[in-house]
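A.B. asks: Take a look at the following structure, please.
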Amino acid sequence: MSFGVFDSLNHPVCVIDLHGDILYANARFSNFFATAGGSMTIDLSHPFSPEYRKSIGLAYTKALKGSDRRCFAVMKTTDGRRLAMEIHLFPMFRGEAVVSILAFLKPVSDDRIISFGRNATIMAADDEPIANSGIFDFAPFPIIRFDREGAIVSGSASVESFFGHALADLQSNRNLLFRSVSLYDFERLRKAVSDVFDGRTGFKRLGEIRIISKSREEKWANVVIYPLVINREIFAVESILEDITRIKSLEARMSLMNRVQIIGDLTKGLLHSFNNIINIILSRTQLLLQVTEKDTVVEGLKVIEKTAGQGVRQVRRIQDFMGEGEVLRESESEDLIDVIEDAIEFANIHFKVEIKEKRRHIKVERRYFCLVNVKTDTRLLREILISMIFKAASFLRRSGTINIMLKDEEAPALTVMVKKEGPESEPPSDAASESLGNNIFSAIDIRRVVERLNIKIIEEESATSYSIRAVIPSSIVAGRGRRESDPAEYRVRDRDIIIVEDEKALKEILFELFDSMGNRVYVFENGDDALAEFKKGRADLVISDYGTKGMTGIELLTRVKELDENAVTVLMSGWMIKDLKAYRNVIDLYLPKPFKLDVLIKEISRFLNKSPK
């Protein structure tokens with residue numbers, strides 16, 4: 001290929017191959033570099049040099065892919081001179097493939113050098129300040145130039161994209177800049193500009209200036225303020241704004257995560273205490289109901305029992321949400337309506353907070369036309385249902401009703417539907433999503449989550465409504481209709497029972513319960529004493545709290561199984577226990593606190609009937 005045509009051009013031109021080597025350079029290019037001392041490099045002392053190197057690399061990469069590109073750099077010659085230069089890159093093709101790149105070099109007349117030194121000499125070729133320069137054109141971040149009166153003389157093109165206001169508007173209306181920053185930060189900026197103008201400092205760096213753009217978007221910037229000098233006189237001051245919004249956002253998220261972690265740890269401790277309190281109230285109430293005959297007392301006790309039962313369900317919901325507790329076995333099916341009701345109750349808790357804090361009123365109505373039992377990861381299923389409710393809620397800004405309907409046609413399907421408030425009620429943007437309380441479920445990609453359960457999601461939207469439907473696959477349907485309650489009466493009689501519990505009131509309740517049934521009951525506060533007793537008499541049943549003194553409940557029951565694999569072991573805990581499934585062969589029955597006494601007796605009776613006496 002002949003490149004002789006480029007010899008007639010008055011600009012330095014070269015052709016670069018795909019490896020970055022120069023294939024051809026015209027006479028002007030050779031003369032230009034000869035004048036520059038034979039070589040030239042990017043001025044690494046220039047404050048923008050990292051951005052220039054990046055822009056050159058990106059431009060070269062884009063040119064290799066077939067795009068025309070322009071970039072800018074401040075170069076330094078071997079004899080110390082600095083040259084501002086535009087670089088134009090044009091891909092050269094053979095057929096459809098790029099085979100080389102044509103580079104035009106255009107020196108820029110403004111060869112000023114930004115200096116942070118107080119005594120540095122800066123800048124223009126003549127004695128008049130240059131209002132707009134190549135540095136402003138190519139600056140990767142906002143630059144604003146102020147005069148001695150604090151008025152904006154000029155700025156880079158990126159100022160408008162950062163503040164949202166046109167540079168001309170900022171120049172004509174000084175209040176726009178004043179309103180964009182807080183009074184505290186504005187005074188910091190004003191004082192820094194004054195100090196640089198008066199020569200009290202060579203430059204100023206201000207960290208974390210909070211800026212509110214025209215669109216009310218919060219931004220953060222570090223600001224570097226430095227003087228512009230002609231003939232040893234400061235004629236203007238410039239400020240470079242380094243956008244650190246993403247860094248501040250990450251810091252805020254990290255801080256929130258730390259607070260959430262602290263709250264989570266506190267919640268675990270509070271739930272443990274609350275579990276024990278509810279367990280005592282519920283158990284004592286059930287025992288009193290067995291011996292009380294007076295109607296008014298019975299009615300009062302039933303109210304207490306019902307209220308305590310509601311507390312139990314709320315605790316379960318919180319534990320499931322925190323996702324740390326485990327069930328011991330997954331063989332039991334669960335009523336789909338119960339799972340839906342848990343999801344609705346969780347959403348209602350959030351909506352109650354929004355009524356107080358955001359004046360946002362959302363109601364949930366439900367209709368069930370079938371009875372379905374499911375056998376799956378109900379915790380994940382519950383999260384999916386919560387996500388569907390919050391997705392529908394995102395179409396309501398102030399008030400409305402979410403309708404939930406469960407039908408079983410060809411397959412069970414749950415539909416969540418909402419009528420939009422009006423034509424302006426579109427799904428909120430990221431900035432507007434605060435109306436959802438920034439809950440994590442509103443941001444979940446439901447389609448990615450449902451793949452784990454093979455659930456099919458169908459979304460429909462019109463100008464007036466939105467609906468999302470989850471079709472339940474047959475693989476997780478355990479049956480239709482509610483599970484029949486077991487009419488049999490369960491009792492535990494004539495057994496040797498060891499109980500390990502350090503909560504005094506609950507210890508007394510458990511002793512009274514099993515003793516009244518005709519069992520031989522031994523109660524201990526720690527696992528060591530309980531193990532010593534078990535070695536003496538080989539008890540039929542060992543019931544232990546998890547958090548006992550000395551060895552844990554799991555350690556005690558492990559030792560019990562080693563000594564007698566036919567002994568029935570029961571673990572109780574107000575804590576959320578991880579890795580519980582690893583102890584299937586050690587723990588026969590796990591009961592998270594709080595629990596009902598009749599459930600405890602029923603489950604223990606089943607295991608004892610399976611075991612030889």
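Residues in the structure tokens are named by chain (A, B, ... in the order shown) and by number from 1 within that chain; ligands are numbered from 1 in the order shown.
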So that I can see what lies close to Thr376 in chain A, please list as a PDB file with C-alpha atoms, in the first residue's frame the residues with an atom at most 12 Å from it, counting only C-alpha atoms and leaving out residues fewer than 5 positions away in the same chain.
C.D. replies:
```
ATOM      1  CA  ARG A 329     -36.283 -33.070  58.095  1.00  0.00           C
ATOM      2  CA  GLU A 330     -37.977 -32.054  54.865  1.00  0.00           C
ATOM      3  CA  SER A 331     -40.463 -34.927  54.631  1.00  0.00           C
ATOM      4  CA  GLU A 332     -43.448 -32.896  55.855  1.00  0.00           C
ATOM      5  CA  SER A 333     -45.716 -31.094  53.402  1.00  0.00           C
ATOM      6  CA  GLU A 334     -47.158 -27.669  54.154  1.00  0.00           C
ATOM      7  CA  ASP A 335     -50.414 -26.004  53.289  1.00  0.00           C
ATOM      8  CA  LEU A 336     -49.837 -23.507  50.473  1.00  0.00           C
ATOM      9  CA  VAL A 339     -47.259 -20.114  53.182  1.00  0.00           C
ATOM     10  CA  LEU A 381     -41.299 -20.102  48.148  1.00  0.00           C
ATOM     11  CA  ARG A 382     -42.327 -17.579  50.795  1.00  0.00           C
ATOM     12  CA  ARG A 452     -34.744 -23.015  41.518  1.00  0.00           C
ATOM     13  CA  LEU A 453     -38.284 -24.288  42.174  1.00  0.00           C
ATOM     14  CA  ASN A 454     -39.334 -24.624  38.498  1.00  0.00           C
ATOM     15  CA  ILE A 455     -42.121 -22.109  39.060  1.00  0.00           C
ATOM     16  CA  ILE A 472     -46.862 -24.100  40.809  1.00  0.00           C
ATOM     17  CA  PRO A 473     -45.301 -27.183  39.141  1.00  0.00           C
ATOM     18  CA  SER A 474     -46.681 -30.643  39.868  1.00  0.00           C
ATOM     19  CA  SER A 475     -43.251 -31.708  41.142  1.00  0.00           C
ATOM     20  CA  ILE A 476     -43.757 -29.762  44.390  1.00  0.00           C
ATOM     21  CA  VAL A 477     -47.491 -30.415  44.820  1.00  0.00           C
ATOM     22  CA  ALA A 478     -47.859 -32.964  47.638  1.00  0.00           C
TER      23      ALA A 478
END
```
A.B. asks: Write out as a PyMOL selection string the residues lying within 10 Å of range 210-223 of chain A, counting only C-alpha atoms and excluding same-chain residues fewer than 2 positions away.
C.D. replies: chain A and resi 142-143+160-165+176-182+184-186+189+204-208+225-226+238-249+431
A.B. asks: Go ahead and save the picked residues with N, CA and C atoms, as a short mmCIF file (atom, residue, chain, number, x, y, z; two decimals), in the first residue's frame.
C.D. replies:
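This went into selection_23.cif:
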```cif
data_model
loop_
_atom_site.label_atom_id
_atom_site.label_comp_id
_atom_site.auth_asym_id
_atom_site.auth_seq_id
_atom_site.Cartn_x
_atom_site.Cartn_y
_atom_site.Cartn_z
N PRO A 142 -15.43 17.78 35.89
CA PRO A 142 -15.77 19.21 35.86
C PRO A 142 -14.64 20.11 36.36
N ILE A 143 -14.40 21.20 35.63
CA ILE A 143 -13.47 22.26 36.05
C ILE A 143 -14.23 23.58 35.99
N GLU A 160 -21.97 20.87 33.09
CA GLU A 160 -23.41 20.78 32.91
C GLU A 160 -23.93 19.39 33.27
N SER A 161 -23.23 18.33 32.85
CA SER A 161 -23.69 16.98 33.15
C SER A 161 -23.61 16.68 34.64
N PHE A 162 -22.70 17.35 35.35
CA PHE A 162 -22.53 17.09 36.78
C PHE A 162 -23.59 17.84 37.60
N PHE A 163 -23.78 19.13 37.31
CA PHE A 163 -24.72 19.94 38.09
C PHE A 163 -26.14 19.90 37.53
N GLY A 164 -26.27 19.58 36.25
CA GLY A 164 -27.59 19.62 35.63
C GLY A 164 -27.98 20.99 35.13
N HIS A 165 -27.19 21.99 35.44
CA HIS A 165 -27.43 23.36 34.97
C HIS A 165 -26.43 23.69 33.86
N LEU A 176 -27.59 29.63 41.68
CA LEU A 176 -27.72 28.22 41.31
C LEU A 176 -26.64 27.39 41.97
N LEU A 177 -25.41 27.89 41.97
CA LEU A 177 -24.31 27.17 42.61
C LEU A 177 -24.52 27.16 44.12
N PHE A 178 -25.00 28.28 44.65
CA PHE A 178 -25.22 28.38 46.10
C PHE A 178 -26.27 27.36 46.55
N ARG A 179 -27.33 27.20 45.74
CA ARG A 179 -28.39 26.26 46.10
C ARG A 179 -27.99 24.81 45.88
N SER A 180 -26.96 24.58 45.09
CA SER A 180 -26.53 23.20 44.80
C SER A 180 -25.73 22.58 45.92
N VAL A 181 -25.18 23.40 46.82
CA VAL A 181 -24.39 22.88 47.93
C VAL A 181 -24.97 23.41 49.24
N SER A 182 -24.66 22.74 50.33
CA SER A 182 -25.14 23.19 51.63
C SER A 182 -24.41 24.46 52.04
N TYR A 184 -22.81 25.05 54.73
CA TYR A 184 -21.52 24.71 55.30
C TYR A 184 -20.48 24.48 54.21
N ASP A 185 -20.84 23.68 53.20
CA ASP A 185 -19.90 23.40 52.11
C ASP A 185 -19.64 24.64 51.27
N PHE A 186 -20.66 25.49 51.08
CA PHE A 186 -20.47 26.71 50.30
C PHE A 186 -19.45 27.62 51.00
N LEU A 189 -15.97 26.27 50.37
CA LEU A 189 -15.50 26.62 49.02
C LEU A 189 -15.11 28.08 48.94
N LYS A 204 -5.70 24.23 47.57
CA LYS A 204 -6.56 23.70 48.62
C LYS A 204 -7.24 22.43 48.10
N ARG A 205 -7.35 21.46 48.97
CA ARG A 205 -8.11 20.25 48.66
C ARG A 205 -9.20 20.09 49.70
N LEU A 206 -10.44 20.07 49.24
CA LEU A 206 -11.59 19.91 50.11
C LEU A 206 -12.22 18.54 49.85
N GLY A 207 -12.45 17.81 50.90
CA GLY A 207 -13.02 16.47 50.75
C GLY A 207 -14.51 16.43 51.02
N GLU A 208 -15.21 15.60 50.25
CA GLU A 208 -16.62 15.27 50.47
C GLU A 208 -17.53 16.49 50.50
N ILE A 225 -8.48 23.11 44.45
CA ILE A 225 -8.53 24.52 44.04
C ILE A 225 -7.09 25.02 43.91
N TYR A 226 -6.77 25.65 42.77
CA TYR A 226 -5.41 26.08 42.50
C TYR A 226 -5.43 27.40 41.72
N GLU A 238 -9.01 28.08 39.64
CA GLU A 238 -9.78 26.98 39.07
C GLU A 238 -9.99 25.90 40.13
N SER A 239 -11.09 25.19 39.99
CA SER A 239 -11.39 24.07 40.89
C SER A 239 -11.72 22.84 40.05
N ILE A 240 -11.08 21.73 40.38
CA ILE A 240 -11.36 20.44 39.75
C ILE A 240 -12.25 19.65 40.70
N LEU A 241 -13.36 19.14 40.19
CA LEU A 241 -14.30 18.34 40.98
C LEU A 241 -14.12 16.86 40.65
N GLU A 242 -13.70 16.11 41.63
CA GLU A 242 -13.54 14.66 41.47
C GLU A 242 -14.81 13.97 41.97
N ASP A 243 -15.53 13.38 41.07
CA ASP A 243 -16.81 12.76 41.41
C ASP A 243 -16.57 11.48 42.23
N ILE A 244 -17.00 11.49 43.48
CA ILE A 244 -16.83 10.33 44.36
C ILE A 244 -18.20 9.80 44.79
N THR A 245 -19.23 10.05 43.97
CA THR A 245 -20.59 9.64 44.33
C THR A 245 -20.67 8.13 44.53
N ARG A 246 -20.07 7.37 43.63
CA ARG A 246 -20.14 5.91 43.74
C ARG A 246 -19.42 5.42 44.98
N ILE A 247 -18.30 6.08 45.32
CA ILE A 247 -17.56 5.68 46.52
C ILE A 247 -18.40 5.93 47.76
N LYS A 248 -19.06 7.11 47.81
CA LYS A 248 -19.90 7.44 48.95
C LYS A 248 -21.08 6.47 49.04
N SER A 249 -21.61 6.10 47.87
CA SER A 249 -22.72 5.15 47.86
C SER A 249 -22.28 3.81 48.43
N ALA A 431 -34.33 6.12 42.01
CA ALA A 431 -34.41 7.21 42.97
C ALA A 431 -35.73 7.22 43.69
#
```
A.B. asks: Measuring atom to atom with only C-alpha atoms, identify which of A:Thr285, A:Ala103, A:Ser156, A:Gly518 is nearest to Asp17 in chain A.
C.D. replies: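 Smallest distance to Asp17 in chain A is found for A:Ala103.
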A.B. asks: Do you have the CA of Val298 in chain A-CA of Arg284 in chain A distance handy?
C.D. replies: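 Computing it gives 12.9 Å between the two atoms.
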A.B. asks: Which parts of range 325-552 of chain A does DSSP call helix (DSSP H, G or I) when run on the backbone here, written out as a PyMOL selection string?
C.D. replies: chain A and resi 336-358+378-393+432-436+440-443+446-453+474-476+504-516+527-537
A.B. asks: Which of these, A:Leu18, A:Thr201, A:Ala166, A:Met517, has the shortest distance to Phe93 in chain A once you count only C-alpha atoms?
C.D. replies: A:Leu18
A.B. asks: Based on DSSP run over this structure's backbone, return all residues of range 155-346 of chain A in strand (DSSP E), as a ChimeraX atom specification.
C.D. replies: /A:155,204-212,218-230,233-243,334-335
A.B. asks: Would you mind reading off the distance between CA of Lys507 in chain A and CA of Asp295 in chain A, one decimal, in Å?
C.D. replies: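 Interatomic distance, CA of Lys507 in chain A to CA of Asp295 in chain A: 28.5 Å.
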A.B. asks: Got a sec: who's within 12 Å of Asp564 in chain A, counting only C-alpha atoms, leaving out chain neighbours fewer than 3 positions off, as a list in words?
C.D. replies: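 Counting only C-alpha atoms, the residues come to Leu531, Phe534, Lys535, Gly537, Arg538, Ala539, Asp540, Leu541, Val542, Leu557, Thr558, Arg559, Val560, Lys561, Ala567, Val568, Thr569, Val586, Ser611 and Pro612 of chain A.
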A.B. asks: Give me the residues near Tyr546 in chain A as an NGL selection string, where near means some atom within 12 Å (using only C-alpha atoms) and where sequence neighbours in that chain fewer than 3 positions away do not count.
C.D. replies: :A and (272 or 499-503 or 525-527 or 543 or 549-557 or 570-577 or 580 or 587 or 590-593)
A.B. asks: Can you write just those residues out, C-alpha atoms, as a CSV table (one decimal), in the first residue's frame?
C.D. replies:
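Generated file (selection_0.csv):
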```csv
chain,number,residue,atom,x,y,z
A,272,HIS,CA,-34.0,-16.2,72.1
A,499,ILE,CA,-34.7,-33.1,81.0
A,500,VAL,CA,-32.0,-30.6,80.7
A,501,GLU,CA,-33.2,-27.0,80.9
A,502,ASP,CA,-31.7,-24.0,82.7
A,503,GLU,CA,-34.8,-21.7,82.5
A,525,GLU,CA,-29.4,-27.7,84.5
A,526,ASN,CA,-26.3,-28.9,82.7
A,527,GLY,CA,-25.4,-31.6,80.3
A,543,ILE,CA,-34.9,-33.8,76.3
A,549,LYS,CA,-24.1,-25.0,80.8
A,550,GLY,CA,-21.0,-27.1,80.0
A,551,MET,CA,-21.6,-29.2,76.9
A,552,THR,CA,-24.2,-28.1,74.4
A,553,GLY,CA,-27.5,-29.9,73.9
A,554,ILE,CA,-26.2,-31.4,70.6
A,555,GLU,CA,-23.0,-32.6,72.3
A,556,LEU,CA,-25.1,-34.3,75.1
A,557,LEU,CA,-27.5,-36.0,72.7
A,570,VAL,CA,-35.2,-34.3,71.7
A,571,LEU,CA,-33.5,-30.9,71.1
A,572,MET,CA,-35.2,-27.7,72.1
A,573,SER,CA,-33.8,-24.2,71.3
A,574,GLY,CA,-34.7,-20.6,71.3
A,575,TRP,CA,-31.7,-19.9,69.1
A,576,MET,CA,-31.6,-20.3,65.3
A,577,ILE,CA,-29.4,-23.3,64.7
A,580,LEU,CA,-29.0,-28.9,61.9
A,587,ILE,CA,-31.5,-35.8,67.1
A,590,TYR,CA,-36.1,-30.8,67.0
A,591,LEU,CA,-38.5,-28.3,68.5
A,592,PRO,CA,-37.7,-24.6,68.1
A,593,LYS,CA,-39.0,-22.5,71.0
```
A.B. asks: Extract, using only C-alpha atoms, all DNA, RNA and protein residues at most 10 Å from Ile87 in chain A, discarding same-chain residues fewer than 3 positions from it, and format them as a PDB file with N, CA and C atoms, in the first residue's frame.
C.D. replies:
```pdb
ATOM      1  N   VAL A  13       1.440  12.932  10.308  1.00  0.00           N
ATOM      2  CA  VAL A  13       0.599  11.770  10.043  1.00  0.00           C
ATOM      3  C   VAL A  13       1.460  10.516  10.104  1.00  0.00           C
ATOM      4  N   ILE A  56      -6.358   7.522  25.421  1.00  0.00           N
ATOM      5  CA  ILE A  56      -5.607   7.092  24.244  1.00  0.00           C
ATOM      6  C   ILE A  56      -5.766   5.578  24.045  1.00  0.00           C
ATOM      7  N   ALA A  59      -9.278   4.862  22.822  1.00  0.00           N
ATOM      8  CA  ALA A  59      -9.444   5.310  21.437  1.00  0.00           C
ATOM      9  C   ALA A  59      -8.780   4.325  20.478  1.00  0.00           C
ATOM     10  N   ARG A  69     -11.943   7.751  16.062  1.00  0.00           N
ATOM     11  CA  ARG A  69     -11.825   8.240  17.431  1.00  0.00           C
ATOM     12  C   ARG A  69     -10.911   9.455  17.507  1.00  0.00           C
ATOM     13  N   ARG A  70     -11.190  10.297  18.537  1.00  0.00           N
ATOM     14  CA  ARG A  70     -10.349  11.449  18.811  1.00  0.00           C
ATOM     15  C   ARG A  70     -10.026  11.454  20.293  1.00  0.00           C
ATOM     16  N   CYS A  71      -8.779  11.766  20.627  1.00  0.00           N
ATOM     17  CA  CYS A  71      -8.378  11.871  22.022  1.00  0.00           C
ATOM     18  C   CYS A  71      -7.424  13.049  22.183  1.00  0.00           C
ATOM     19  N   PHE A  72      -7.001  13.297  23.395  1.00  0.00           N
ATOM     20  CA  PHE A  72      -6.207  14.482  23.708  1.00  0.00           C
ATOM     21  C   PHE A  72      -5.133  14.095  24.711  1.00  0.00           C
ATOM     22  N   ALA A  73      -3.986  14.752  24.650  1.00  0.00           N
ATOM     23  CA  ALA A  73      -2.923  14.478  25.615  1.00  0.00           C
ATOM     24  C   ALA A  73      -1.978  15.669  25.696  1.00  0.00           C
ATOM     25  N   ALA A 103      -3.148   7.833  11.929  1.00  0.00           N
ATOM     26  CA  ALA A 103      -3.137   8.757  13.062  1.00  0.00           C
ATOM     27  C   ALA A 103      -2.744  10.153  12.597  1.00  0.00           C
ATOM     28  N   PHE A 104      -3.616  11.149  12.854  1.00  0.00           N
ATOM     29  CA  PHE A 104      -3.322  12.551  12.613  1.00  0.00           C
ATOM     30  C   PHE A 104      -2.994  13.202  13.947  1.00  0.00           C
ATOM     31  N   LEU A 105      -1.919  13.961  14.022  1.00  0.00           N
ATOM     32  CA  LEU A 105      -1.534  14.683  15.224  1.00  0.00           C
ATOM     33  C   LEU A 105      -1.735  16.174  14.987  1.00  0.00           C
ATOM     34  N   LYS A 106      -2.452  16.809  15.902  1.00  0.00           N
ATOM     35  CA  LYS A 106      -2.721  18.244  15.754  1.00  0.00           C
ATOM     36  C   LYS A 106      -2.320  18.965  17.033  1.00  0.00           C
ATOM     37  N   PRO A 107      -1.175  19.684  17.010  1.00  0.00           N
ATOM     38  CA  PRO A 107      -0.774  20.444  18.196  1.00  0.00           C
ATOM     39  C   PRO A 107      -1.807  21.521  18.516  1.00  0.00           C
TER      40      PRO A 107
END
```
A.B. asks: Could you check which of A:Pro12, A:Ala157, A:Arg148, A:Phe197 is closest to His88 in chain A, using only C-alpha atoms?
C.D. replies: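 For His88 in chain A, the nearest of the given residues is A:Pro12.
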A.B. asks: Between CA of Arg313 in chain A and CA of Ser283 in chain A, what distance in Å does the model show, to one decimal?
C.D. replies: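 Interatomic distance, CA of Arg313 in chain A to CA of Ser283 in chain A: 15.3 Å.
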A.B. asks: Find, counting only C-alpha atoms, the residue in A:Phe595, A:Ser273, A:Ser465, A:Val450 that gets nearest to Ala392 in chain A.
C.D. replies: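 Going through A:Phe595, A:Ser273, A:Ser465, A:Val450 one by one, the smallest distance to Ala392 in chain A is for A:Ser465.
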A.B. asks: So which one's closest to Ser605 in chain A, A:Val291, A:Val492, A:Ala530, A:Leu414? Using only C-alpha atoms, please.
C.D. replies: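 Checking each candidate against Ser605 in chain A, we get A:Val492 as the closest.
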A.B. asks: Can you list, as a PyMOL selection string, every protein, DNA or RNA residue that comes within 8 Å of range 168-172 of chain A when you count only C-alpha atoms, leaving out same-chain residues fewer than 6 positions away?
C.D. replies: chain A and resi 151-154
A.B. asks: Keeping only N, CA and C atoms, write the selected residues as a PDB file, in the first residue's frame.
C.D. replies:
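Saved the output as selection.pdb:
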```pdb
ATOM      1  N   ALA A 151     -17.198  35.135  40.789  1.00  0.00           N
ATOM      2  CA  ALA A 151     -18.059  34.820  39.654  1.00  0.00           C
ATOM      3  C   ALA A 151     -17.418  33.723  38.817  1.00  0.00           C
ATOM      4  N   ILE A 152     -18.263  32.897  38.169  1.00  0.00           N
ATOM      5  CA  ILE A 152     -17.764  31.825  37.306  1.00  0.00           C
ATOM      6  C   ILE A 152     -17.393  32.432  35.953  1.00  0.00           C
ATOM      7  N   VAL A 153     -16.111  32.336  35.606  1.00  0.00           N
ATOM      8  CA  VAL A 153     -15.627  32.890  34.341  1.00  0.00           C
ATOM      9  C   VAL A 153     -15.857  31.892  33.210  1.00  0.00           C
ATOM     10  N   SER A 154     -15.520  30.642  33.451  1.00  0.00           N
ATOM     11  CA  SER A 154     -15.683  29.600  32.440  1.00  0.00           C
ATOM     12  C   SER A 154     -15.624  28.238  33.118  1.00  0.00           C
TER      13      SER A 154
END
```
